[in-house]
Structures are given as structure tokens and as C-alpha cells.
Amino acid sequence: MKIIGLFILTFGLASIVAMTQTRSKPIVFTHATVIDATGADAQSDMVVIVTGETITEVGKFGKIESPKNSQVIDATGKFLIPGLWDMHVHLTKAGENTLPLFIANGVTSVRDMGGDYVEVLKWRKEAADGTRLAPRIKTSGALLESAENVARMKREGTVEPVDKYRIGIATPEEARKAVDLMASLGVDFIKFRTTASPETYKAIAEESKAKGLMFVGHQFGSPETMVDAGQKSIEHYIYPPIITNPKHAEIYRKMSESGVHVVPTIVVADKSLLVSCDDAKTIFEDINGKVDFRRKYLSGYLIADWKIQLEEKKQPSPFELAKLKEVLIKDLQEMRKAGVRLMPGTDVAVLLIYPGYSLHDELQLLVKYVGLTPMEAIISATRYPAEFFGMQNRLGTIEKGKIADLVLLDANPLDDISNTKRIAAVVLNGRYLSKESRERMLADVEAAANRRAGGADKPGKGSKDGSVN
């Protein structure tokens, strides 16, 4: 009982209720406009029935009978979309107290791109079991890094427990052993950040394939090199921009045909790198969230890491970031035209990037800069990630037989993609979380942040590696 009492004090009663909520009653949404992410037009006056964790019926109102003793949600004037994915996060840097922030923002699934694999694998199991209020987690475990870079981070000092987050590799043999270790732990894919040589990169790719694991990561060499190696997603921008290459259209077609996805994390440029040092400092120091309300939910290790990134911001950048962004945006526009699948990711843990909330910013930027339609943006955050992980028969669209991960919106996201922020309710694995439940969840997270404010929960001396991961 003492343990249960401590758990409630730590994470709040509302979160406990949300995690243990039963699915005894079917949930029936009536009169909803359904945007199912299959590519079909929005369908008005629809009924969606959820039984257990599954969508059991989808059809026109009046043609489907509601089960007895069901919980009926009148969704007149509201819009139902599938649960969203953030395809680039770092959960252990964000901290376990921030996991409910994803759910509160309709982000029901995430792709964790490197961290403390012991923690993340534990959270993944708890989320799957329904004993932790957290999004569905796909993870790489520890990320693979060049041994030289790992040594530099340790030498210079960092708040990050480097050995828990990164595996340093210097040779092809070490690369194969690192992949084998992650595979033995049951990770979902292999992610590299930096590598020592072309031979080491090739060894990671080959061993990942041998272990039946998808291989993803940062840019290495040319796009052709990554395509030939079987790399399935490229994180952040591709530099130098391919559009300067007269054969760029051919390159993009090859990427598309090979199933290479790009996760551009535009939000990092707009909402972090291009924010002035003074403005970033004002937000960072505003622990009560008066300047940016999202700040009040954060504490501990994440804030300690942000502090170091803020110090790095004072140093002059070697790039003209604004001009570089313009050219790279053109690249992304050309990729879209060629059929390269773009997926939204935020690089949660970067300065001023917020768990859950920043995914909506990324969707807006994909529409604003790259030219995605709001429908394309929704599909990029729902169906494409499910297909990326081979889960298209279970997740990613609103169809009979799929897992019930849903977001009910108060306004039409096809009119304005920013309406994905106007959340009336979330369904996570068939569990209905009302607006009031979400508000209580946020209050719990804020209370936990207040209790932890004033010190990092993971000690260190500071880092000189605040770049995207």
C-alpha cells in the first residue's frame, strides 16, 4: 500500500484513473465527420463504434445500431482523425513525467530515436500493458555513434549518461556487435547518428538486415549511398542540399521507389535554431509558463540539458541558418513532388521543442513551407508511420478492425491544419480520455514538474553537443 500511495503522489490520481480505466462499455461516436487517413474524402454524419481496444463499426448514422449499455459521444460538429505519430523523439531526455503530454496532444505513438534503453524498453512494455499512461513506443534502444564522438562527449563533460545512450563504434566488427546487442534486447529498429567510416556504415546496414531490423539514421554520404545500403529513413535535412545537383529529380525518384522516408524536423529550425538567444533565455527562465505555457510542464534532466543548449546558442553559428533553411525547404518540396514520403518528427529534447505540442507545429510547417495539403499532413502523421512499421493492418486509419487510437477535434483540420490542436477527446487503445481527463493529466504533469524544479535528476557538468540527434 505504501508503494501505491507513493505512486499516486508522484503521478497524480487522474493519471492512475486513466491508466486503469476499463473498457467495459463500447464507445459510440455519433454524427462525427470522419477523416480516416485512407485518402478518402472526409465523411460527414458518421458513426464509429469502439469495443474493447478495437474499432468494430464505421458507417453512416442511421444505418448502424449502437450496442446496448454503450457510452455515446455526440460528435456533432466535430472531426475524428486517427491518433498521431511523432517520428523522432528522445524519451529519456524528455523524462518519464512528460509521457502523458504526448497523449494529451493526441500523439498516441512515437518513434524513440535513442536513449537509455533500459528505461525506454520498460516504458514500452508498461505502455503496451496499459499500466503506464504513455504513447505506443517504437525504439532503437541506444543509438550508434562513432567512438571518437563518444570519447569527445565524455572528455568535454555532459549532463547525459553517455554510456547509457550511445554505443561507441570504431570498426565494422564493433558495429556488428552493437547491432547484435540491440537486437538481443528486442529493439524495433537500429539507428545510427555518426559512423567512423564507410566500412563501418556498411557493417551496420548489413548486420541490421541480417537481424531482420530496419536501419535508419542521419545522413551518411550521398543519397545514393543510403539508398543502396537499405537505409529506410533519413533524419533531419540532407546536406549539402541535393537540389544543387542537376540529377536531383532522378535521385528523388530513386529514393521514392526504394521506400526511403525523410523526417525533416523543420520545427527544430523554426522554433529552436532560429529563435534568438535572448528570446530563448526568456522562455527557459520562465518556469511558470507565462511567456510560453508549455514551459511549466518541464523539469529535471530535460531542463538541465536545455540550459547547456542555451549556452551553446551564444556561440556564433558556422552556417547562415535562415538562408540554408530556404534552400533545404526547396529540396523537400521537390521530394514531395517526386513521391518521397515525408513524416513528421520533432527531435523532442532539443531546446524549446515540447513533447506532444511541437508535433502540431511540425504539421503546420509541412503545410506552410513544403506545400503538403492538410490531408497529406494528416496522412503523413498517421497512415505513413503505421505502414513504415508494417502495422497498416492494425493501425493508422479509421477502419473496422483497427486499433482504436483516435483524436476528436473541435474544428476541421482540412480547413486549417492548426485545428489538430483543438482536441476535444483522445482514444488510446480503446480508452476514452475526455477533455476533462486530459486537463487533469496536464495538471498532474505540472504538479510533478513543480516538485522537481530546481535541479536535474541526472547529474553532469554540461555538454558541448546540443545538435539534433
# chains A, B, ... in the order shown; residues from 1 in each chain; ligands from 1
$ closest_atom_pairs --of "region 15-121 of chain A" --to "region 340-343 of chain A" --cutoff "10 Å" --atoms "only C-alpha atoms" --output "CSV"
residue,atom,partner,partner_atom,distance
A:Trp85,CA,A:Met343,CA,8.8
A:Asp86,CA,A:Met343,CA,8.3
A:Met87,CA,A:Met343,CA,6.8
A:His88,CA,A:Met343,CA,9.3
$ residues_around --residues "region 52-68 of chain A" --least-positions-apart "3" --cutoff "7 Å" --atoms "only C-alpha atoms" --output "NGL selection string"
:A and (23 or 26 or 28 or 30-31 or 45-49 or 399-404 or 429-430)
$ select_by_dssp --residues "region 87-265 of chain A" --states "strand (DSSP E or B)" --output "ChimeraX atom specification"
/A:87-89,107-112,136-139,143-146,166-169,189-192,214-217,233-235,261-263
$ write_last_selection --atoms "C-alpha atoms" --output "PDB file, in the first residue's frame"
ATOM      1  CA  MET A  87       8.559  10.004 -35.660  1.00  0.00           C
ATOM      2  CA  HIS A  88      11.613  11.484 -33.936  1.00  0.00           C
ATOM      3  CA  VAL A  89      11.773  11.833 -30.157  1.00  0.00           C
ATOM      4  CA  VAL A 107       0.131  11.794 -30.120  1.00  0.00           C
ATOM      5  CA  THR A 108      -0.647   8.154 -29.405  1.00  0.00           C
ATOM      6  CA  SER A 109       2.551   6.677 -30.904  1.00  0.00           C
ATOM      7  CA  VAL A 110       6.188   7.752 -31.030  1.00  0.00           C
ATOM      8  CA  ARG A 111       9.452   6.587 -32.541  1.00  0.00           C
ATOM      9  CA  ASP A 112      12.181   6.873 -29.929  1.00  0.00           C
ATOM     10  CA  ARG A 136       2.871   3.406 -28.072  1.00  0.00           C
ATOM     11  CA  ILE A 137       6.658   3.304 -28.306  1.00  0.00           C
ATOM     12  CA  LYS A 138       8.877   2.053 -31.111  1.00  0.00           C
ATOM     13  CA  THR A 139      12.529   2.344 -30.113  1.00  0.00           C
ATOM     14  CA  LEU A 143      21.896   4.933 -30.734  1.00  0.00           C
ATOM     15  CA  LEU A 144      25.086   4.016 -32.558  1.00  0.00           C
ATOM     16  CA  GLU A 145      27.757   6.725 -32.540  1.00  0.00           C
ATOM     17  CA  SER A 146      31.354   6.999 -33.682  1.00  0.00           C
ATOM     18  CA  ARG A 166      25.160   5.761 -27.098  1.00  0.00           C
ATOM     19  CA  ILE A 167      27.290   2.828 -28.193  1.00  0.00           C
ATOM     20  CA  GLY A 168      30.633   3.994 -29.491  1.00  0.00           C
ATOM     21  CA  ILE A 169      31.828   2.098 -32.546  1.00  0.00           C
ATOM     22  CA  PHE A 189      14.989  -0.854 -35.396  1.00  0.00           C
ATOM     23  CA  ILE A 190      18.623   0.260 -35.477  1.00  0.00           C
ATOM     24  CA  LYS A 191      19.567   3.945 -35.525  1.00  0.00           C
ATOM     25  CA  PHE A 192      22.989   5.439 -36.183  1.00  0.00           C
ATOM     26  CA  MET A 214      15.102  -1.733 -40.107  1.00  0.00           C
ATOM     27  CA  PHE A 215      18.115   0.582 -40.421  1.00  0.00           C
ATOM     28  CA  VAL A 216      17.636   4.344 -40.026  1.00  0.00           C
ATOM     29  CA  GLY A 217      19.667   7.390 -39.120  1.00  0.00           C
ATOM     30  CA  SER A 233      14.638   6.835 -43.135  1.00  0.00           C
ATOM     31  CA  ILE A 234      16.869   9.880 -43.256  1.00  0.00           C
ATOM     32  CA  GLU A 235      16.638  12.172 -40.258  1.00  0.00           C
ATOM     33  CA  HIS A 261      11.349   8.150 -45.904  1.00  0.00           C
ATOM     34  CA  VAL A 262      12.540  11.575 -44.798  1.00  0.00           C
ATOM     35  CA  VAL A 263      11.828  13.033 -41.346  1.00  0.00           C
TER      36      VAL A 263
END
$ closest_residue --among "A:Gln333, A:Thr382, A:Ser197, A:Ser184" --to "Leu395 (chain A)" --atoms "only C-alpha atoms"
A:Thr382
$ atom_distance --atom1 "CA of Glu320 (chain A)" --atom2 "CA of Ala377 (chain A)"
28.1 Å
$ closest_residue --among "A:Ser380, A:Gly83, A:Leu352, A:Arg452" --to "Phe293 (chain A)" --atoms "only C-alpha atoms"
A:Leu352
$ residues_around --residues "Leu181 (chain A)" --least-positions-apart "6" --cutoff "12 Å" --atoms "only C-alpha atoms" --output "ChimeraX atom specification"
/A:117,140-144,167,174-175,187,190,207-208,211
$ write_last_selection --atoms "C-alpha atoms" --output "mmCIF file, in the first residue's frame"
data_model
loop_
_atom_site.group_PDB
_atom_site.id
_atom_site.type_symbol
_atom_site.label_atom_id
_atom_site.label_comp_id
_atom_site.auth_asym_id
_atom_site.auth_seq_id
_atom_site.Cartn_x
_atom_site.Cartn_y
_atom_site.Cartn_z
ATOM 1 C CA TYR A 117 17.328 1.504 -23.489
ATOM 2 C CA SER A 140 16.080 1.876 -31.340
ATOM 3 C CA GLY A 141 17.367 1.467 -27.797
ATOM 4 C CA ALA A 142 20.799 3.077 -27.625
ATOM 5 C CA LEU A 143 21.896 4.933 -30.734
ATOM 6 C CA LEU A 144 25.086 4.016 -32.558
ATOM 7 C CA ILE A 167 27.290 2.828 -28.193
ATOM 8 C CA GLU A 174 32.293 -3.291 -33.248
ATOM 9 C CA ALA A 175 29.367 -2.168 -35.393
ATOM 10 C CA VAL A 187 14.513 -3.165 -30.121
ATOM 11 C CA ILE A 190 18.623 0.260 -35.477
ATOM 12 C CA GLU A 207 24.032 -6.624 -39.752
ATOM 13 C CA SER A 208 20.713 -4.859 -39.279
ATOM 14 C CA LYS A 211 18.903 -9.467 -37.825
#
$ residues_around --residues "Thr200 (chain A)" --least-positions-apart "2" --cutoff "6 Å" --atoms "only C-alpha atoms" --output "list in words"
Thr171, Pro172, Ser197, Pro198, Lys202 and Ala203 of chain A
$ write_last_selection --atoms "N, CA and C atoms" --output "PDB file, in the first residue's frame"
ATOM      1  N   THR A 171      34.989   0.334 -35.497  1.00  0.00           N
ATOM      2  CA  THR A 171      35.326  -0.604 -36.562  1.00  0.00           C
ATOM      3  C   THR A 171      34.068  -1.346 -37.022  1.00  0.00           C
ATOM      4  N   PRO A 172      34.133  -1.973 -38.192  1.00  0.00           N
ATOM      5  CA  PRO A 172      32.998  -2.782 -38.641  1.00  0.00           C
ATOM      6  C   PRO A 172      32.636  -3.891 -37.667  1.00  0.00           C
ATOM      7  N   SER A 197      33.492   5.306 -40.562  1.00  0.00           N
ATOM      8  CA  SER A 197      33.995   5.082 -41.923  1.00  0.00           C
ATOM      9  C   SER A 197      32.893   4.467 -42.775  1.00  0.00           C
ATOM     10  N   PRO A 198      33.073   4.489 -44.095  1.00  0.00           N
ATOM     11  CA  PRO A 198      32.116   3.821 -44.977  1.00  0.00           C
ATOM     12  C   PRO A 198      31.981   2.333 -44.660  1.00  0.00           C
ATOM     13  N   LYS A 202      28.540   0.462 -43.623  1.00  0.00           N
ATOM     14  CA  LYS A 202      28.073  -0.706 -44.375  1.00  0.00           C
ATOM     15  C   LYS A 202      27.838  -1.890 -43.437  1.00  0.00           C
ATOM     16  N   ALA A 203      28.705  -2.047 -42.434  1.00  0.00           N
ATOM     17  CA  ALA A 203      28.559  -3.157 -41.491  1.00  0.00           C
ATOM     18  C   ALA A 203      27.279  -3.007 -40.667  1.00  0.00           C
TER      19      ALA A 203
END
$ select_by_dssp --residues "region 54-279 of chain A" --states "alpha helix (DSSP H)" --output "count of residues only"
87
$ residues_around --residues "Gly339 (chain A)" --least-positions-apart "2" --cutoff "12 Å" --atoms "only C-alpha atoms" --output "VMD selection string"
chain A and resid 249 to 262 332 to 337 341 to 342 372 376
$ closest_residue --among "A:Gly95, A:Lys421, A:Arg383, A:Ala449" --to "Asp36 (chain A)" --atoms "only C-alpha atoms"
A:Arg383
$ decode --residues "region 298-343 of chain A" --atoms "N, CA and C atoms" --output "PDB file, in the first residue's frame"
ATOM      1  N   LEU A 298       7.793  21.155 -17.795  1.00  0.00           N
ATOM      2  CA  LEU A 298       9.114  20.550 -17.957  1.00  0.00           C
ATOM      3  C   LEU A 298       9.993  20.777 -16.736  1.00  0.00           C
ATOM      4  N   SER A 299      10.865  19.811 -16.463  1.00  0.00           N
ATOM      5  CA  SER A 299      11.774  19.935 -15.331  1.00  0.00           C
ATOM      6  C   SER A 299      12.880  18.905 -15.456  1.00  0.00           C
ATOM      7  N   GLY A 300      13.710  18.844 -14.437  1.00  0.00           N
ATOM      8  CA  GLY A 300      14.695  17.778 -14.322  1.00  0.00           C
ATOM      9  C   GLY A 300      15.768  17.790 -15.387  1.00  0.00           C
ATOM     10  N   TYR A 301      16.083  16.591 -15.853  1.00  0.00           N
ATOM     11  CA  TYR A 301      17.188  16.410 -16.790  1.00  0.00           C
ATOM     12  C   TYR A 301      16.991  17.199 -18.081  1.00  0.00           C
ATOM     13  N   LEU A 302      15.737  17.240 -18.569  1.00  0.00           N
ATOM     14  CA  LEU A 302      15.478  17.970 -19.806  1.00  0.00           C
ATOM     15  C   LEU A 302      15.880  19.438 -19.665  1.00  0.00           C
ATOM     16  N   ILE A 303      15.515  20.051 -18.552  1.00  0.00           N
ATOM     17  CA  ILE A 303      15.848  21.458 -18.344  1.00  0.00           C
ATOM     18  C   ILE A 303      17.349  21.642 -18.159  1.00  0.00           C
ATOM     19  N   ALA A 304      18.002  20.688 -17.506  1.00  0.00           N
ATOM     20  CA  ALA A 304      19.457  20.758 -17.370  1.00  0.00           C
ATOM     21  C   ALA A 304      20.127  20.714 -18.742  1.00  0.00           C
ATOM     22  N   ASP A 305      19.602  19.866 -19.609  1.00  0.00           N
ATOM     23  CA  ASP A 305      20.152  19.757 -20.956  1.00  0.00           C
ATOM     24  C   ASP A 305      19.855  21.020 -21.764  1.00  0.00           C
ATOM     25  N   TRP A 306      18.630  21.560 -21.610  1.00  0.00           N
ATOM     26  CA  TRP A 306      18.284  22.817 -22.289  1.00  0.00           C
ATOM     27  C   TRP A 306      19.221  23.947 -21.866  1.00  0.00           C
ATOM     28  N   LYS A 307      19.591  23.959 -20.609  1.00  0.00           N
ATOM     29  CA  LYS A 307      20.476  25.024 -20.112  1.00  0.00           C
ATOM     30  C   LYS A 307      21.794  25.032 -20.868  1.00  0.00           C
ATOM     31  N   ILE A 308      22.319  23.840 -21.129  1.00  0.00           N
ATOM     32  CA  ILE A 308      23.579  23.746 -21.873  1.00  0.00           C
ATOM     33  C   ILE A 308      23.369  24.170 -23.326  1.00  0.00           C
ATOM     34  N   GLN A 309      22.260  23.766 -23.911  1.00  0.00           N
ATOM     35  CA  GLN A 309      21.966  24.171 -25.286  1.00  0.00           C
ATOM     36  C   GLN A 309      21.808  25.692 -25.387  1.00  0.00           C
ATOM     37  N   LEU A 310      21.264  26.291 -24.350  1.00  0.00           N
ATOM     38  CA  LEU A 310      21.123  27.746 -24.332  1.00  0.00           C
ATOM     39  C   LEU A 310      22.493  28.410 -24.321  1.00  0.00           C
ATOM     40  N   GLU A 311      23.424  27.860 -23.572  1.00  0.00           N
ATOM     41  CA  GLU A 311      24.791  28.396 -23.555  1.00  0.00           C
ATOM     42  C   GLU A 311      25.433  28.274 -24.927  1.00  0.00           C
ATOM     43  N   GLU A 312      25.179  27.159 -25.590  1.00  0.00           N
ATOM     44  CA  GLU A 312      25.740  26.959 -26.929  1.00  0.00           C
ATOM     45  C   GLU A 312      25.192  27.974 -27.926  1.00  0.00           C
ATOM     46  N   LYS A 313      23.950  28.415 -27.693  1.00  0.00           N
ATOM     47  CA  LYS A 313      23.321  29.375 -28.592  1.00  0.00           C
ATOM     48  C   LYS A 313      24.070  30.698 -28.628  1.00  0.00           C
ATOM     49  N   LYS A 314      24.817  30.972 -27.586  1.00  0.00           N
ATOM     50  CA  LYS A 314      25.567  32.234 -27.513  1.00  0.00           C
ATOM     51  C   LYS A 314      26.763  32.235 -28.469  1.00  0.00           C
ATOM     52  N   GLN A 315      27.163  31.044 -28.899  1.00  0.00           N
ATOM     53  CA  GLN A 315      28.292  30.937 -29.822  1.00  0.00           C
ATOM     54  C   GLN A 315      27.817  31.174 -31.255  1.00  0.00           C
ATOM     55  N   PRO A 316      28.608  31.861 -32.071  1.00  0.00           N
ATOM     56  CA  PRO A 316      28.190  32.104 -33.459  1.00  0.00           C
ATOM     57  C   PRO A 316      28.068  30.803 -34.244  1.00  0.00           C
ATOM     58  N   SER A 317      27.032  30.717 -35.064  1.00  0.00           N
ATOM     59  CA  SER A 317      26.827  29.523 -35.868  1.00  0.00           C
ATOM     60  C   SER A 317      27.728  29.551 -37.101  1.00  0.00           C
ATOM     61  N   PRO A 318      28.272  28.394 -37.493  1.00  0.00           N
ATOM     62  CA  PRO A 318      29.099  28.347 -38.702  1.00  0.00           C
ATOM     63  C   PRO A 318      28.263  28.435 -39.981  1.00  0.00           C
ATOM     64  N   PHE A 319      26.929  28.386 -39.855  1.00  0.00           N
ATOM     65  CA  PHE A 319      26.044  28.425 -41.019  1.00  0.00           C
ATOM     66  C   PHE A 319      25.152  29.656 -40.973  1.00  0.00           C
ATOM     67  N   GLU A 320      24.763  30.130 -42.152  1.00  0.00           N
ATOM     68  CA  GLU A 320      23.702  31.133 -42.235  1.00  0.00           C
ATOM     69  C   GLU A 320      22.394  30.362 -42.260  1.00  0.00           C
ATOM     70  N   LEU A 321      21.855  30.132 -41.071  1.00  0.00           N
ATOM     71  CA  LEU A 321      20.756  29.187 -40.913  1.00  0.00           C
ATOM     72  C   LEU A 321      19.523  29.562 -41.712  1.00  0.00           C
ATOM     73  N   ALA A 322      19.187  30.848 -41.729  1.00  0.00           N
ATOM     74  CA  ALA A 322      17.971  31.267 -42.437  1.00  0.00           C
ATOM     75  C   ALA A 322      18.090  30.972 -43.937  1.00  0.00           C
ATOM     76  N   LYS A 323      19.253  31.280 -44.527  1.00  0.00           N
ATOM     77  CA  LYS A 323      19.444  31.017 -45.954  1.00  0.00           C
ATOM     78  C   LYS A 323      19.501  29.522 -46.234  1.00  0.00           C
ATOM     79  N   LEU A 324      20.158  28.782 -45.335  1.00  0.00           N
ATOM     80  CA  LEU A 324      20.251  27.337 -45.510  1.00  0.00           C
ATOM     81  C   LEU A 324      18.873  26.715 -45.468  1.00  0.00           C
ATOM     82  N   LYS A 325      18.016  27.192 -44.566  1.00  0.00           N
ATOM     83  CA  LYS A 325      16.667  26.648 -44.459  1.00  0.00           C
ATOM     84  C   LYS A 325      15.890  26.848 -45.751  1.00  0.00           C
ATOM     85  N   GLU A 326      16.037  28.000 -46.378  1.00  0.00           N
ATOM     86  CA  GLU A 326      15.320  28.284 -47.628  1.00  0.00           C
ATOM     87  C   GLU A 326      15.670  27.273 -48.709  1.00  0.00           C
ATOM     88  N   VAL A 327      16.956  26.965 -48.826  1.00  0.00           N
ATOM     89  CA  VAL A 327      17.393  26.020 -49.857  1.00  0.00           C
ATOM     90  C   VAL A 327      16.911  24.606 -49.526  1.00  0.00           C
ATOM     91  N   LEU A 328      17.007  24.243 -48.255  1.00  0.00           N
ATOM     92  CA  LEU A 328      16.598  22.905 -47.859  1.00  0.00           C
ATOM     93  C   LEU A 328      15.096  22.708 -47.999  1.00  0.00           C
ATOM     94  N   ILE A 329      14.326  23.754 -47.778  1.00  0.00           N
ATOM     95  CA  ILE A 329      12.877  23.679 -47.981  1.00  0.00           C
ATOM     96  C   ILE A 329      12.570  23.371 -49.447  1.00  0.00           C
ATOM     97  N   LYS A 330      13.312  23.980 -50.341  1.00  0.00           N
ATOM     98  CA  LYS A 330      13.127  23.690 -51.769  1.00  0.00           C
ATOM     99  C   LYS A 330      13.389  22.209 -52.049  1.00  0.00           C
ATOM    100  N   ASP A 331      14.399  21.651 -51.391  1.00  0.00           N
ATOM    101  CA  ASP A 331      14.673  20.226 -51.525  1.00  0.00           C
ATOM    102  C   ASP A 331      13.453  19.399 -51.130  1.00  0.00           C
ATOM    103  N   LEU A 332      12.886  19.746 -49.996  1.00  0.00           N
ATOM    104  CA  LEU A 332      11.728  18.992 -49.501  1.00  0.00           C
ATOM    105  C   LEU A 332      10.534  19.128 -50.442  1.00  0.00           C
ATOM    106  N   GLN A 333      10.364  20.301 -51.020  1.00  0.00           N
ATOM    107  CA  GLN A 333       9.280  20.494 -51.986  1.00  0.00           C
ATOM    108  C   GLN A 333       9.469  19.578 -53.194  1.00  0.00           C
ATOM    109  N   GLU A 334      10.709  19.471 -53.656  1.00  0.00           N
ATOM    110  CA  GLU A 334      10.990  18.600 -54.798  1.00  0.00           C
ATOM    111  C   GLU A 334      10.812  17.126 -54.433  1.00  0.00           C
ATOM    112  N   MET A 335      11.194  16.768 -53.207  1.00  0.00           N
ATOM    113  CA  MET A 335      10.990  15.385 -52.764  1.00  0.00           C
ATOM    114  C   MET A 335       9.516  15.027 -52.773  1.00  0.00           C
ATOM    115  N   ARG A 336       8.699  15.935 -52.259  1.00  0.00           N
ATOM    116  CA  ARG A 336       7.254  15.683 -52.228  1.00  0.00           C
ATOM    117  C   ARG A 336       6.728  15.449 -53.639  1.00  0.00           C
ATOM    118  N   LYS A 337       7.165  16.282 -54.584  1.00  0.00           N
ATOM    119  CA  LYS A 337       6.705  16.132 -55.962  1.00  0.00           C
ATOM    120  C   LYS A 337       7.103  14.784 -56.544  1.00  0.00           C
ATOM    121  N   ALA A 338       8.267  14.287 -56.116  1.00  0.00           N
ATOM    122  CA  ALA A 338       8.770  13.014 -56.648  1.00  0.00           C
ATOM    123  C   ALA A 338       8.165  11.811 -55.931  1.00  0.00           C
ATOM    124  N   GLY A 339       7.362  12.056 -54.884  1.00  0.00           N
ATOM    125  CA  GLY A 339       6.710  10.954 -54.187  1.00  0.00           C
ATOM    126  C   GLY A 339       7.457  10.427 -52.978  1.00  0.00           C
ATOM    127  N   VAL A 340       8.529  11.117 -52.561  1.00  0.00           N
ATOM    128  CA  VAL A 340       9.227  10.702 -51.338  1.00  0.00           C
ATOM    129  C   VAL A 340       8.299  10.953 -50.149  1.00  0.00           C
ATOM    130  N   ARG A 341       8.137   9.958 -49.325  1.00  0.00           N
ATOM    131  CA  ARG A 341       7.267  10.113 -48.162  1.00  0.00           C
ATOM    132  C   ARG A 341       7.971  10.911 -47.060  1.00  0.00           C
ATOM    133  N   LEU A 342       7.325  11.990 -46.650  1.00  0.00           N
ATOM    134  CA  LEU A 342       7.804  12.805 -45.537  1.00  0.00           C
ATOM    135  C   LEU A 342       6.968  12.462 -44.314  1.00  0.00           C
ATOM    136  N   MET A 343       7.618  12.318 -43.169  1.00  0.00           N
ATOM    137  CA  MET A 343       6.907  12.024 -41.931  1.00  0.00           C
ATOM    138  C   MET A 343       7.299  13.044 -40.876  1.00  0.00           C
TER     139      MET A 343
END
